[in-house]
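A.B. asks: Supplied structure: model.txt, compact mmCIF, C-alpha atoms.
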```txt
# COMPACT_ATOMS: atom_id res chain seq x y z
CA MET A 168 0.00 0.00 0.00
CA PRO A 169 1.42 3.45 -0.92
CA ALA A 170 2.39 5.92 1.77
CA THR A 171 0.92 9.34 2.59
CA VAL A 172 2.99 12.44 3.36
CA VAL A 173 1.87 15.33 5.57
CA VAL A 174 3.86 18.51 4.94
CA GLY A 175 3.63 22.13 6.10
CA THR A 176 3.13 24.64 3.31
CA GLN A 177 4.11 27.90 5.01
CA TRP A 178 6.73 28.67 7.69
CA GLY A 179 5.65 25.99 10.12
CA ASP A 180 3.14 25.87 12.97
CA GLU A 181 0.32 25.10 10.54
CA GLY A 182 -1.14 22.27 12.62
CA LYS A 183 0.61 19.27 11.09
CA GLY A 184 0.57 17.41 14.40
CA LYS A 185 -3.19 17.73 14.70
CA LEU A 186 -3.75 16.52 11.14
CA THR A 187 -1.31 13.64 11.60
CA ASP A 188 -3.15 12.67 14.76
CA LEU A 189 -6.45 12.75 12.86
CA LEU A 190 -5.14 10.66 9.95
CA ALA A 191 -3.39 8.20 12.26
CA ARG A 192 -6.73 6.64 13.16
CA ASP A 193 -6.58 4.82 9.83
CA MET A 194 -2.82 4.25 9.72
CA ASP A 195 -0.53 1.55 11.05
CA VAL A 196 2.83 3.34 11.04
CA VAL A 197 3.71 7.03 11.49
CA VAL A 198 7.25 8.07 10.52
CA ARG A 199 8.89 11.36 11.42
CA TYR A 200 11.32 11.95 8.55
CA GLN A 201 13.40 15.07 9.39
CA GLY A 202 14.07 17.84 11.88
CA GLY A 203 14.80 17.64 15.56
CA HIS A 204 13.32 18.91 18.81
CA ASN A 205 13.16 22.40 17.34
CA ALA A 206 9.75 21.45 15.92
CA GLY A 207 6.88 21.11 18.34
CA HIS A 208 3.54 19.52 17.45
CA THR A 209 0.57 20.31 19.68
CA ILE A 210 -2.38 17.93 19.88
CA VAL A 211 -5.52 18.40 21.97
CA VAL A 212 -7.35 15.21 22.95
CA GLY A 213 -10.32 15.30 25.27
CA GLY A 214 -9.22 18.66 26.59
CA GLU A 215 -5.70 17.41 27.30
CA VAL A 216 -2.83 19.13 25.52
CA PHE A 217 0.11 17.05 24.29
CA ALA A 218 3.17 18.99 23.10
CA LEU A 219 5.39 16.62 21.15
CA GLN A 220 8.90 17.39 19.97
CA LEU A 221 10.61 14.22 18.72
CA VAL A 222 8.08 11.44 19.18
CA PRO A 223 5.81 11.10 16.10
CA SER A 224 2.26 12.36 16.55
CA GLY A 225 0.71 8.91 16.04
CA VAL A 226 2.04 7.75 19.42
CA LEU A 227 -1.29 8.66 21.04
CA TYR A 228 -2.96 5.71 19.28
CA PRO A 229 -2.12 2.27 20.73
CA HIS A 230 -2.34 0.59 17.30
CA ILE A 231 0.34 2.84 15.76
CA THR A 232 4.05 2.06 15.53
CA PRO A 233 5.75 5.48 15.74
CA VAL A 234 9.10 5.68 13.95
CA ILE A 235 11.88 8.25 14.17
CA GLY A 236 13.50 8.02 10.75
CA ASN A 237 17.10 8.31 9.64
CA GLY A 238 16.62 11.94 8.57
CA VAL A 239 15.95 13.15 12.13
CA VAL A 240 18.61 14.51 14.49
CA VAL A 241 18.07 13.20 18.01
CA ASP A 242 18.91 14.72 21.36
CA PRO A 243 18.74 11.60 23.54
CA ALA A 244 18.09 13.55 26.74
CA VAL A 245 15.08 15.26 25.16
CA LEU A 246 13.79 12.00 23.71
CA ILE A 247 13.98 10.23 27.08
CA GLU A 248 12.35 13.16 28.85
CA GLU A 249 9.53 13.20 26.32
CA MET A 250 8.96 9.44 26.59
CA ASP A 251 8.86 9.68 30.38
CA ALA A 252 6.39 12.56 30.24
CA LEU A 253 4.12 10.61 27.89
CA ALA A 254 4.37 7.48 30.03
CA GLY A 255 3.41 9.56 33.06
CA ARG A 256 0.20 10.46 31.27
CA GLY A 257 -0.61 6.89 30.34
CA VAL A 258 0.79 6.89 26.80
CA ASP A 259 2.77 3.75 25.88
CA THR A 260 6.08 4.61 24.19
CA ALA A 261 7.50 1.07 24.13
CA ARG A 262 6.34 0.74 20.51
CA LEU A 263 8.62 3.57 19.39
CA MET A 264 11.35 2.71 16.89
CA VAL A 265 14.43 4.86 16.32
CA SER A 266 16.59 4.59 13.23
CA GLY A 267 20.15 3.54 13.93
CA ASN A 268 21.18 5.93 11.14
CA ALA A 269 19.66 9.01 12.76
CA HIS A 270 22.32 11.45 13.93
CA LEU A 271 22.87 12.49 17.54
CA ILE A 272 22.84 16.02 18.84
CA MET A 273 25.88 16.44 21.05
CA PRO A 274 26.67 19.06 23.73
CA TYR A 275 29.10 20.87 21.44
CA HIS A 276 26.35 21.26 18.84
CA GLN A 277 24.17 23.08 21.35
CA GLU A 278 27.02 25.23 22.64
CA LEU A 279 28.13 26.23 19.14
CA ASP A 280 24.55 26.99 18.13
CA ARG A 281 24.11 29.38 21.06
CA LEU A 282 27.48 31.04 20.58
CA THR A 283 27.09 31.49 16.82
CA GLU A 284 23.70 33.15 17.20
CA ARG A 285 25.08 35.46 19.89
CA PHE A 286 28.09 36.49 17.83
CA LEU A 287 25.94 37.13 14.74
CA GLY A 288 24.09 39.79 16.73
CA ARG A 289 21.58 41.70 14.59
CA ASN A 290 22.32 39.29 11.71
CA SER A 291 21.29 36.21 13.72
CA LEU A 292 19.05 33.66 12.03
CA GLY A 293 16.67 33.21 14.92
CA THR A 294 17.45 29.53 15.53
CA THR A 295 16.12 27.70 18.58
CA LYS A 296 19.74 27.26 19.76
CA ARG A 297 19.19 23.55 20.29
CA GLY A 298 22.05 22.28 18.18
CA ILE A 299 19.99 21.26 15.16
CA GLY A 300 21.98 23.13 12.51
CA PRO A 301 25.43 22.15 13.82
CA ALA A 302 24.32 18.50 14.03
CA TYR A 303 23.21 18.53 10.40
CA ALA A 304 26.43 20.33 9.45
CA ASP A 305 28.48 17.53 11.02
CA LYS A 306 26.32 14.99 9.24
CA ALA A 307 27.15 16.62 5.90
CA ALA A 308 30.81 16.87 6.89
CA ARG A 309 30.74 13.13 7.72
CA VAL A 310 31.98 13.59 11.28
CA GLY A 311 28.65 13.10 13.06
CA LEU A 312 27.83 10.47 15.65
CA ARG A 313 24.77 8.33 14.98
CA VAL A 314 22.25 6.61 17.21
CA GLN A 315 23.77 3.23 16.34
CA ASP A 316 27.09 4.40 17.83
CA LEU A 317 25.46 4.29 21.26
CA LEU A 318 25.40 0.49 20.86
CA ASP A 319 29.19 0.28 20.51
CA PRO A 320 31.02 2.12 23.35
CA LYS A 321 34.42 1.74 21.74
CA ILE A 322 33.30 3.26 18.45
CA PHE A 323 31.37 5.98 20.26
CA ARG A 324 34.39 7.10 22.27
CA GLN A 325 36.64 7.03 19.21
CA LYS A 326 34.27 9.15 17.15
CA LEU A 327 33.70 11.56 20.02
CA ASP A 328 37.43 11.98 20.49
CA VAL A 329 37.86 12.85 16.79
CA ALA A 330 35.00 15.36 16.97
CA LEU A 331 36.31 17.07 20.10
CA ARG A 332 39.76 17.52 18.57
CA GLU A 333 38.04 19.95 16.20
CA LYS A 334 35.29 21.38 18.43
CA ASN A 335 37.24 22.09 21.61
CA PRO A 336 39.83 24.37 19.97
CA ILE A 337 36.95 26.31 18.36
CA LEU A 338 35.19 26.69 21.70
CA ALA A 339 38.39 27.73 23.45
CA LYS A 340 40.19 29.87 20.88
CA VAL A 341 37.30 31.42 18.96
CA TYR A 342 34.65 31.79 21.65
CA ASN A 343 36.80 31.80 24.80
CA ARG A 344 34.86 28.90 26.35
CA LEU A 345 36.14 25.98 28.38
CA PRO A 346 36.70 22.81 26.36
CA LEU A 347 34.29 19.93 26.88
CA ASP A 348 35.37 16.91 28.92
CA GLY A 349 35.18 14.04 26.44
CA ALA A 350 35.17 11.34 29.10
CA ALA A 351 32.29 12.99 30.96
CA VAL A 352 30.27 13.40 27.76
CA ALA A 353 30.88 9.78 26.77
CA ASP A 354 29.92 8.50 30.21
CA ARG A 355 26.66 10.44 30.15
CA TYR A 356 25.65 9.23 26.70
CA LEU A 357 26.74 5.62 27.20
CA ASP A 358 25.74 5.11 30.84
CA GLU A 359 22.58 7.23 31.06
CA TYR A 360 21.14 7.47 27.56
CA ALA A 361 22.20 4.28 25.76
CA PRO A 362 20.42 1.82 28.11
CA ARG A 363 17.13 3.67 27.62
CA ILE A 364 17.39 4.10 23.87
CA ALA A 365 19.05 0.82 22.84
CA PRO A 366 15.83 -1.28 22.99
CA LEU A 367 14.20 1.13 20.52
CA VAL A 368 16.99 1.20 17.92
CA GLY A 369 16.51 -0.73 14.72
CA ASP A 370 16.49 -0.89 10.93
CA THR A 371 13.57 1.42 10.33
CA VAL A 372 13.99 1.36 6.55
CA SER A 373 13.39 -2.38 6.45
CA PHE A 374 10.51 -2.03 8.90
CA VAL A 375 8.76 0.58 6.77
CA HIS A 376 9.26 -1.39 3.55
CA GLU A 377 7.96 -4.56 5.14
CA ALA A 378 4.91 -2.63 6.36
CA LEU A 379 4.23 -1.27 2.88
CA SER A 380 4.72 -4.69 1.28
CA ALA A 381 2.25 -6.19 3.75
CA GLY A 382 -0.38 -3.64 2.75
CA ARG A 383 -0.17 -1.65 5.96
CA SER A 384 -0.84 2.11 5.95
CA VAL A 385 2.18 4.36 6.46
CA LEU A 386 2.07 8.08 7.19
CA LEU A 387 5.22 10.16 6.74
CA GLU A 388 5.23 13.20 9.02
CA GLY A 389 7.36 16.25 8.33
CA ALA A 390 8.51 18.91 10.75
CA GLN A 391 8.88 22.63 10.00
CA ALA A 392 7.53 23.50 6.53
CA THR A 393 8.09 24.21 2.85
CA PHE A 394 9.48 27.73 3.21
CA LEU A 395 11.88 26.64 5.91
CA ASP A 396 13.34 24.03 3.55
CA LEU A 397 17.12 24.26 3.25
CA ASP A 398 16.97 24.36 -0.56
CA HIS A 399 13.60 25.91 -1.32
CA GLY A 400 12.88 28.13 1.67
CA THR A 401 13.69 31.77 2.38
CA TYR A 402 17.41 31.07 2.77
CA PRO A 403 19.29 31.69 5.04
CA PHE A 404 16.28 32.00 7.36
CA VAL A 405 15.53 28.31 7.06
CA THR A 406 15.99 25.05 8.91
CA SER A 407 18.87 22.65 8.23
CA SER A 408 16.97 19.83 6.53
CA ASN A 409 14.38 19.25 3.80
CA PRO A 410 10.80 19.35 5.11
CA ILE A 411 9.27 19.20 1.61
CA ALA A 412 7.65 15.99 0.44
CA GLY A 413 10.80 14.92 -1.38
CA GLY A 414 12.58 14.93 1.97
CA ALA A 415 10.25 12.17 3.11
CA CYS A 416 11.96 9.82 0.66
CA THR A 417 15.47 10.41 1.96
CA GLY A 418 14.46 10.89 5.57
CA ALA A 419 12.42 7.71 5.80
CA GLY A 420 14.16 5.60 3.18
CA VAL A 421 11.33 5.12 0.70
CA GLY A 422 11.20 5.72 -3.03
CA PRO A 423 8.92 8.32 -4.66
CA ARG A 424 6.75 5.65 -6.30
CA GLN A 425 5.80 4.41 -2.83
CA ILE A 426 3.98 7.68 -2.10
CA ASP A 427 0.58 8.36 -3.64
CA THR A 428 -0.86 11.16 -1.48
CA VAL A 429 0.72 14.39 -0.28
CA ILE A 430 -1.41 16.50 2.03
CA GLY A 431 -0.33 20.09 2.55
CA VAL A 432 -1.30 21.81 5.79
CA ALA A 433 -1.92 25.55 5.70
CA LYS A 434 -3.26 28.02 8.23
CA ALA A 435 -6.12 30.31 7.22
CA TYR A 436 -3.56 33.06 7.83
CA VAL A 437 0.25 32.94 7.97
CA THR A 438 2.73 32.96 10.84
CA ARG A 439 6.47 32.95 11.12
CA VAL A 440 8.93 32.62 14.01
CA GLY A 441 12.26 34.42 13.93
CA ALA A 442 13.83 36.54 11.22
CA GLY A 443 13.27 36.48 7.48
CA PRO A 444 11.05 38.00 4.79
CA PHE A 445 7.28 38.00 5.37
CA PRO A 446 5.41 39.87 2.60
CA THR A 447 1.93 39.71 4.19
CA GLU A 448 2.99 40.45 7.77
CA CYS A 449 0.60 42.77 9.57
CA GLU A 450 0.92 44.75 12.78
CA GLY A 451 -1.35 46.36 15.28
CA GLU A 452 -4.84 45.16 16.18
CA VAL A 453 -5.11 42.45 13.53
CA SER A 454 -1.77 40.92 14.48
CA ASP A 455 -2.64 41.04 18.18
CA LEU A 456 -5.99 39.39 17.51
CA LEU A 457 -4.39 36.56 15.53
CA VAL A 458 -1.78 36.01 18.23
CA GLU A 459 -4.36 35.98 21.01
CA ARG A 460 -7.03 33.87 19.32
CA GLY A 461 -4.55 31.55 17.62
CA HIS A 462 -2.31 31.17 20.70
CA GLU A 463 0.59 32.04 18.45
CA PHE A 464 3.52 31.30 20.68
CA GLY A 465 6.14 28.64 19.89
CA THR A 466 5.42 25.19 21.35
CA ASN A 467 9.07 24.74 22.32
CA THR A 468 10.42 28.27 22.59
CA GLY A 469 7.44 30.30 23.77
CA ARG A 470 8.38 33.02 21.28
CA ARG A 471 5.57 35.17 19.90
CA ARG A 472 4.95 34.37 16.26
CA ARG A 473 4.77 37.03 13.59
CA CYS A 474 1.35 37.03 11.93
CA GLY A 475 -0.04 38.06 8.55
CA TRP A 476 -2.75 37.54 5.97
CA PHE A 477 -3.07 34.38 3.89
CA ASP A 478 -0.50 34.26 1.09
CA ALA A 479 -1.70 32.42 -2.02
CA VAL A 480 1.62 33.13 -3.76
CA MET A 481 3.41 30.99 -1.20
CA LEU A 482 0.87 28.20 -1.37
CA ARG A 483 1.02 28.04 -5.18
CA GLN A 484 4.74 27.44 -4.85
CA ALA A 485 4.17 24.85 -2.11
CA VAL A 486 1.76 23.01 -4.42
CA ARG A 487 4.51 22.79 -7.04
CA LEU A 488 7.34 21.86 -4.71
CA ASN A 489 5.39 19.11 -2.93
CA SER A 490 3.07 17.83 -5.68
CA LEU A 491 0.21 18.41 -3.26
CA SER A 492 -2.81 16.15 -3.68
CA GLU A 493 -4.96 18.27 -1.37
CA VAL A 494 -4.83 20.94 1.31
CA ALA A 495 -5.97 20.85 4.93
CA LEU A 496 -6.77 24.37 6.10
CA THR A 497 -6.43 24.96 9.84
CA LYS A 498 -7.49 27.66 12.30
CA LEU A 499 -10.26 29.15 10.18
CA ASP A 500 -12.04 29.92 13.45
CA VAL A 501 -9.28 32.34 14.47
CA LEU A 502 -10.62 34.77 11.84
CA ASP A 503 -14.17 34.67 13.26
CA PRO A 504 -14.34 38.26 14.66
CA LEU A 505 -12.93 40.03 11.60
CA PRO A 506 -15.35 42.07 9.45
CA VAL A 507 -12.95 41.89 6.50
CA VAL A 508 -10.37 39.26 5.58
CA LYS A 509 -7.58 39.70 3.08
CA VAL A 510 -5.85 37.25 0.74
CA CYS A 511 -2.56 38.01 -1.01
CA VAL A 512 -3.06 36.93 -4.64
CA GLY A 513 0.20 38.28 -6.07
CA TYR A 514 3.37 40.26 -5.41
CA GLU A 515 4.56 43.43 -7.10
CA ALA A 516 8.10 44.79 -7.28
CA ASP A 517 9.87 47.09 -9.72
CA GLY A 518 6.79 47.26 -11.94
CA GLU A 519 6.58 43.47 -12.25
CA ARG A 520 3.78 41.17 -11.05
CA PHE A 521 4.70 37.81 -9.50
CA GLU A 522 2.32 34.86 -9.24
CA TYR A 523 5.07 32.80 -7.58
CA PRO A 524 7.80 33.94 -5.19
CA PRO A 525 10.69 35.61 -7.05
CA TYR A 526 13.81 33.49 -6.95
CA HIS A 527 16.13 36.35 -5.96
CA GLN A 528 16.11 37.20 -2.27
CA SER A 529 16.70 40.91 -2.86
CA VAL A 530 13.49 41.10 -4.87
CA LEU A 531 11.55 39.03 -2.35
CA HIS A 532 12.55 41.37 0.46
CA ARG A 533 10.97 44.36 -1.28
CA VAL A 534 7.83 42.92 -2.86
CA ARG A 535 4.47 44.43 -2.01
CA PRO A 536 1.49 42.11 -1.56
CA VAL A 537 -1.52 42.48 -3.85
CA TYR A 538 -4.65 41.83 -1.80
CA GLU A 539 -8.18 40.76 -2.50
CA GLU A 540 -10.57 41.68 0.30
CA MET A 541 -13.52 39.54 1.30
CA ALA A 542 -16.32 39.91 3.80
CA GLY A 543 -15.74 38.18 7.13
CA TRP A 544 -18.38 35.97 8.72
CA GLN A 545 -18.26 37.24 12.30
CA GLU A 546 -19.74 34.01 13.62
CA ASP A 547 -18.36 31.35 15.95
CA LEU A 548 -17.23 28.36 13.87
CA SER A 549 -15.97 26.22 16.73
CA SER A 550 -19.08 24.02 16.91
CA ALA A 551 -19.29 23.37 13.15
CA THR A 552 -19.22 19.68 12.22
CA THR A 553 -20.54 19.73 8.65
CA LEU A 554 -20.10 21.97 5.64
CA SER A 555 -23.60 23.37 6.05
CA ASP A 556 -22.65 24.58 9.53
CA LEU A 557 -20.20 27.05 8.02
CA PRO A 558 -21.62 30.46 7.08
CA GLU A 559 -21.55 31.28 3.39
CA ALA A 560 -18.83 33.92 3.86
CA ALA A 561 -16.54 31.33 5.43
CA ARG A 562 -17.25 28.85 2.64
CA SER A 563 -16.57 31.55 0.06
CA TYR A 564 -13.23 32.30 1.69
CA VAL A 565 -12.16 28.65 1.57
CA ARG A 566 -13.34 28.23 -2.03
CA PHE A 567 -11.43 31.36 -3.03
CA LEU A 568 -8.23 30.03 -1.49
CA SER A 569 -8.68 26.72 -3.29
CA GLU A 570 -9.24 28.47 -6.63
CA GLN A 571 -6.20 30.68 -6.13
CA VAL A 572 -3.80 27.78 -5.56
CA GLY A 573 -5.42 25.26 -7.91
CA THR A 574 -5.70 22.50 -5.31
CA GLU A 575 -8.74 21.28 -3.45
CA VAL A 576 -9.18 22.08 0.23
CA ARG A 577 -10.68 18.93 1.75
CA LEU A 578 -10.44 19.54 5.48
CA VAL A 579 -11.04 22.76 7.40
CA GLY A 580 -10.03 23.17 11.03
CA VAL A 581 -12.43 25.10 13.26
CA GLY A 582 -10.77 24.63 16.66
CA PRO A 583 -7.82 23.01 18.46
CA GLY A 584 -9.56 19.73 19.36
CA ARG A 585 -8.83 16.42 17.68
CA ASP A 586 -12.31 16.32 16.05
CA GLN A 587 -12.72 20.00 15.23
CA PHE A 588 -12.45 19.53 11.47
CA VAL A 589 -15.08 19.97 8.78
CA HIS A 590 -14.92 17.93 5.59
CA PHE A 591 -15.08 20.47 2.81
CA ALA A 592 -16.29 20.07 -0.76
CA ALA A 593 -16.90 22.97 -3.10
```
Could you render the structure from this file as C-alpha cells?
C.D. replies:
Amino acid sequence: MPATVVVGTQWGDEGKGKLTDLLARDMDVVVRYQGGHNAGHTIVVGGEVFALQLVPSGVLYPHITPVIGNGVVVDPAVLIEEMDALAGRGVDTARLMVSGNAHLIMPYHQELDRLTERFLGRNSLGTTKRGIGPAYADKAARVGLRVQDLLDPKIFRQKLDVALREKNPILAKVYNRLPLDGAAVADRYLDEYAPRIAPLVGDTVSFVHEALSAGRSVLLEGAQATFLDLDHGTYPFVTSSNPIAGGACTGAGVGPRQIDTVIGVAKAYVTRVGAGPFPTECEGEVSDLLVERGHEFGTNTGRRRRCGWFDAVMLRQAVRLNSLSEVALTKLDVLDPLPVVKVCVGYEADGERFEYPPYHQSVLHRVRPVYEEMAGWQEDLSSATTLSDLPEAARSYVRFLSEQVGTEVRLVGVGPGRDQFVHFAA
C-alpha cells in the first residue's frame, strides 16, 4: 500500500501534528522523517494538551508504531524526557522505533549553536539554539555520531574523540569557552542514555518497507515547513533539513513511487517565528488578535509568532514543490471576529507582477502584496461539524483560497480539538 505524506506549506506551525493525529486513526505506522526537537507539534485530545517534539504524533494511538527516521537529528536527553512525560500520562512509548542511522545532537552542537547566534548579533538567524543546525552540518561533513554508535562504546568514544579535537579548539580559541570533557560526555551518553534508547533502535527502513509490502498504511510526518526548507525556503532564514515531500523519501528511506498522497497543511492566515522575509505580515490590532485567538507562541520556545494575511503566492509554490494532492486548512475559526479578511493573490516589485515567489532574495525582500478583500463571517465556527454549519462567507473564503492555488481544500479546522475539522467540498 502506498504511503501518505503530511507537509507544512508555510513557515511551520500550521497544525501538522493535529492533522497527523487525525489521519493516524486509519494508519498503522507514522514516521517522522526530518528535523529535531526544534519542531513542536501540539495535539488536543479530550481537553488534554500534548506537546510533542521528537516522538511522532501517532504515538497517542495504541495501534500505531511510531518511527523516528534516519533523517531526524536526536537529542537523547530530550527524547527520554519526552517518553517519560508521555508514560506519566498513560501513553505507551514502548512501541517507538528509532533509526540507527539518525544522527545524535551532542553538547558541542548546542554550545556552538548558542554562541554562533550570539556572535551574529543583529544578523542572527533566529534559531532555537538547540544544536539542530550544527548537528546537520556535522552529518554533511561526515563527522557526526549516529544513534547506532550508542550500541558500541568503543566506536562511540573514538568518534567523540575525533570530533572534540576539532570542536574544543573552536570553543576555546574562537569563543573563549572551556573545552568539553570528552570522558564525561561519553559516560553520560553511554551510561545514562544508551540503556534507555538501545531497545528502541533498529532498521527502520526495512521495517517501513515490510509494512508497505504487507499492505499496511504508512504516514510520513514532516517537521517545519516548505518555506523553511534548506533548498527551497527563504534562505538563510531556514531550517537545516528538507521538510518538503521529497525529503520524506530520503528521511524515511522510501522511493517516490511508494507515495501516492501528499497532504499540505496551511493556516487560514500565515505565521512565522524568527527573522526572514514576510510579505503579508501585519501589525497592530489584527496581528494582536491573531496572536491571542490563535495562541501564536512557539510550542518549544514560547516566542511570539509574527502574523499576517493568507498568502496564495506561497501556497502556489508549495503546491509545485510538494506535488500536493490536497490541502488541509487549519485555524479558520481564528478569523471569526474580523469584518474583512484579506488574501494576497500576487506580489509586485519594480513594476513586475509575481504569481510565484521571485527566486532572488533581494526582490523578495521588497515585494508588495496584492490583496483581495472579502467579507468576514463574524460568527463562531468552533461548533461546526458539517459543511452546512459554516456560514456562506466562510465557505466563500475557503473556495477562493482553493481556486487561487489550484488544489482542493478537503479539510477545514475550526478549533484546536482532535475532532474539530469539517470535511469540505466545493
A.B. asks: Could the residues of range 293-326 of chain A that have an atom at most 9 Å from range 353-368 of chain A be listed as JSON lines, each with its closest atom pair and the distance in Å to one decimal, counting all atoms listed in the file and ordered by chain and ascending residue number?
C.D. replies:
```
{"residue": "A:Val314", "atom": "CA", "partner": "A:Val368", "partner_atom": "CA", "distance": 7.6}
{"residue": "A:Gln315", "atom": "CA", "partner": "A:Val368", "partner_atom": "CA", "distance": 7.3}
{"residue": "A:Leu317", "atom": "CA", "partner": "A:Ala361", "partner_atom": "CA", "distance": 5.6}
{"residue": "A:Leu318", "atom": "CA", "partner": "A:Ala365", "partner_atom": "CA", "distance": 6.7}
{"residue": "A:Asp319", "atom": "CA", "partner": "A:Leu357", "partner_atom": "CA", "distance": 8.9}
{"residue": "A:Pro320", "atom": "CA", "partner": "A:Leu357", "partner_atom": "CA", "distance": 6.7}
{"residue": "A:Phe323", "atom": "CA", "partner": "A:Ala353", "partner_atom": "CA", "distance": 7.6}
{"residue": "A:Arg324", "atom": "CA", "partner": "A:Ala353", "partner_atom": "CA", "distance": 6.3}
```
A.B. asks: So which residues touch range 545-550 of chain A within 7 Å, counting all atoms listed in the file, skipping near sequence neighbours fewer than 5 positions away, as a list in words?
C.D. replies: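 Contacts, with the query itself left out: Asp500, Asp503, Pro504, Leu505, Pro506, Leu557, Val581 and Gly582 of chain A.
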A.B. asks: Using only C-alpha atoms, which residue out of A:Val329, A:Ile430, A:Val421, A:Leu282 lies closest to Lys296 in chain A?
C.D. replies: A:Leu282
A.B. asks: Could you state the separation of CA of Leu189 in chain A and CA of Tyr228 in chain A in Å, given to one decimal place?
C.D. replies: 10.1 Å
A.B. asks: When you look at range 443-451 of chain A with a cut-off of 8 Å (counting only C-alpha atoms), what residues show up, excluding the ones that are within fewer than 5 positions of it in the same chain? I need them as a CSV table (one decimal) with C-alpha atoms, in the coordinates of the input.
C.D. replies:
```csv
chain,number,residue,atom,x,y,z
A,292,LEU,CA,19.0,33.7,12.0
A,401,THR,CA,13.7,31.8,2.4
A,404,PHE,CA,16.3,32.0,7.4
A,437,VAL,CA,0.2,32.9,8.0
A,473,ARG,CA,4.8,37.0,13.6
A,474,CYS,CA,1.4,37.0,11.9
A,475,GLY,CA,0.0,38.1,8.6
A,476,TRP,CA,-2.8,37.5,6.0
A,477,PHE,CA,-3.1,34.4,3.9
A,478,ASP,CA,-0.5,34.3,1.1
A,511,CYS,CA,-2.6,38.0,-1.0
A,531,LEU,CA,11.6,39.0,-2.4
A,532,HIS,CA,12.6,41.4,0.5
A,534,VAL,CA,7.8,42.9,-2.9
A,535,ARG,CA,4.5,44.4,-2.0
A,536,PRO,CA,1.5,42.1,-1.6
```
A.B. asks: Listed atoms of range 338-341 of chain A, axis-aligned box, 4 Å per side: centre and edge lengths to one decimal in Å, as lines of an AutoDock Vina configuration file?
C.D. replies:
```
center_x = 37.7
center_y = 29.1
center_z = 21.2
size_x = 13.0
size_y = 12.7
size_z = 12.5
```
A.B. asks: Please list as a list of chain:residue names every residue within 6 Å of Val240 in chain A, counting all atoms listed in the file and excluding residues in the same chain fewer than 4 positions away.
C.D. replies: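 In the requested format, the answer is A:Gly203, A:Ala269, A:His270, A:Leu271.
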A.B. asks: For Thr393 in chain A, which residue out of A:Ile210, A:Ala485, A:Ala261, A:Val453 is the nearest one, using only C-alpha atoms?
C.D. replies: A:Ala485
A.B. asks: I need the residue nearest Thr232 in chain A from this list: A:Val197, A:Val173, A:Ile337, A:Ala244. Use only C-alpha atoms for the distance.
C.D. replies: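 Of the candidates, the smallest distance to Thr232 in chain A is held by A:Val197.
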A.B. asks: Between A:Glu377, A:Arg192, A:Val565, A:His230, which is the closest to Val510 in chain A once you count all atoms listed in the file?
C.D. replies: A:Val565
A.B. asks: Considering all atoms listed in the file, state which residue in the set A:Val310, A:Ala339, A:Val589, A:Met264 is at the smallest distance from Thr497 in chain A.
C.D. replies: A:Val589
A.B. asks: Using all atoms listed in the file for the distances, tell me which of A:Asp556, A:Glu181, A:Pro169, A:Ser266 is nearest to Gly382 in chain A.
C.D. replies: A:Pro169
A.B. asks: Could you give me, as a PyMOL selection string, the residues that sit within 12 Å of (21.6, 22.1, 21.3) in the file's coordinates, counting all atoms listed in the file?
C.D. replies: chain A and resi 203-205+240-245+271-284+294-303
A.B. asks: Quick one: residues within 10 Å of Ala390 in chain A, all atoms listed in the file, excluding same-chain residues fewer than 5 positions away - as a PDB file with C-alpha atoms, in the frame of the given file?
C.D. replies:
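Output file selection-v2.pdb is given in full below:
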```pdb
ATOM      1  CA  VAL A 173       1.870  15.330   5.570  1.00  0.00           C
ATOM      2  CA  VAL A 174       3.860  18.510   4.940  1.00  0.00           C
ATOM      3  CA  GLY A 175       3.630  22.130   6.100  1.00  0.00           C
ATOM      4  CA  GLY A 179       5.650  25.990  10.120  1.00  0.00           C
ATOM      5  CA  ASP A 180       3.140  25.870  12.970  1.00  0.00           C
ATOM      6  CA  LYS A 183       0.610  19.270  11.090  1.00  0.00           C
ATOM      7  CA  GLY A 184       0.570  17.410  14.400  1.00  0.00           C
ATOM      8  CA  ARG A 199       8.890  11.360  11.420  1.00  0.00           C
ATOM      9  CA  TYR A 200      11.320  11.950   8.550  1.00  0.00           C
ATOM     10  CA  GLN A 201      13.400  15.070   9.390  1.00  0.00           C
ATOM     11  CA  GLY A 202      14.070  17.840  11.880  1.00  0.00           C
ATOM     12  CA  GLY A 203      14.800  17.640  15.560  1.00  0.00           C
ATOM     13  CA  HIS A 204      13.320  18.910  18.810  1.00  0.00           C
ATOM     14  CA  ASN A 205      13.160  22.400  17.340  1.00  0.00           C
ATOM     15  CA  ALA A 206       9.750  21.450  15.920  1.00  0.00           C
ATOM     16  CA  GLY A 207       6.880  21.110  18.340  1.00  0.00           C
ATOM     17  CA  HIS A 208       3.540  19.520  17.450  1.00  0.00           C
ATOM     18  CA  GLN A 220       8.900  17.390  19.970  1.00  0.00           C
ATOM     19  CA  LEU A 221      10.610  14.220  18.720  1.00  0.00           C
ATOM     20  CA  PRO A 223       5.810  11.100  16.100  1.00  0.00           C
ATOM     21  CA  VAL A 239      15.950  13.150  12.130  1.00  0.00           C
ATOM     22  CA  LEU A 395      11.880  26.640   5.910  1.00  0.00           C
ATOM     23  CA  THR A 406      15.990  25.050   8.910  1.00  0.00           C
ATOM     24  CA  SER A 408      16.970  19.830   6.530  1.00  0.00           C
ATOM     25  CA  ASN A 409      14.380  19.250   3.800  1.00  0.00           C
ATOM     26  CA  PRO A 410      10.800  19.350   5.110  1.00  0.00           C
ATOM     27  CA  ILE A 411       9.270  19.200   1.610  1.00  0.00           C
TER      28      ILE A 411
END
```
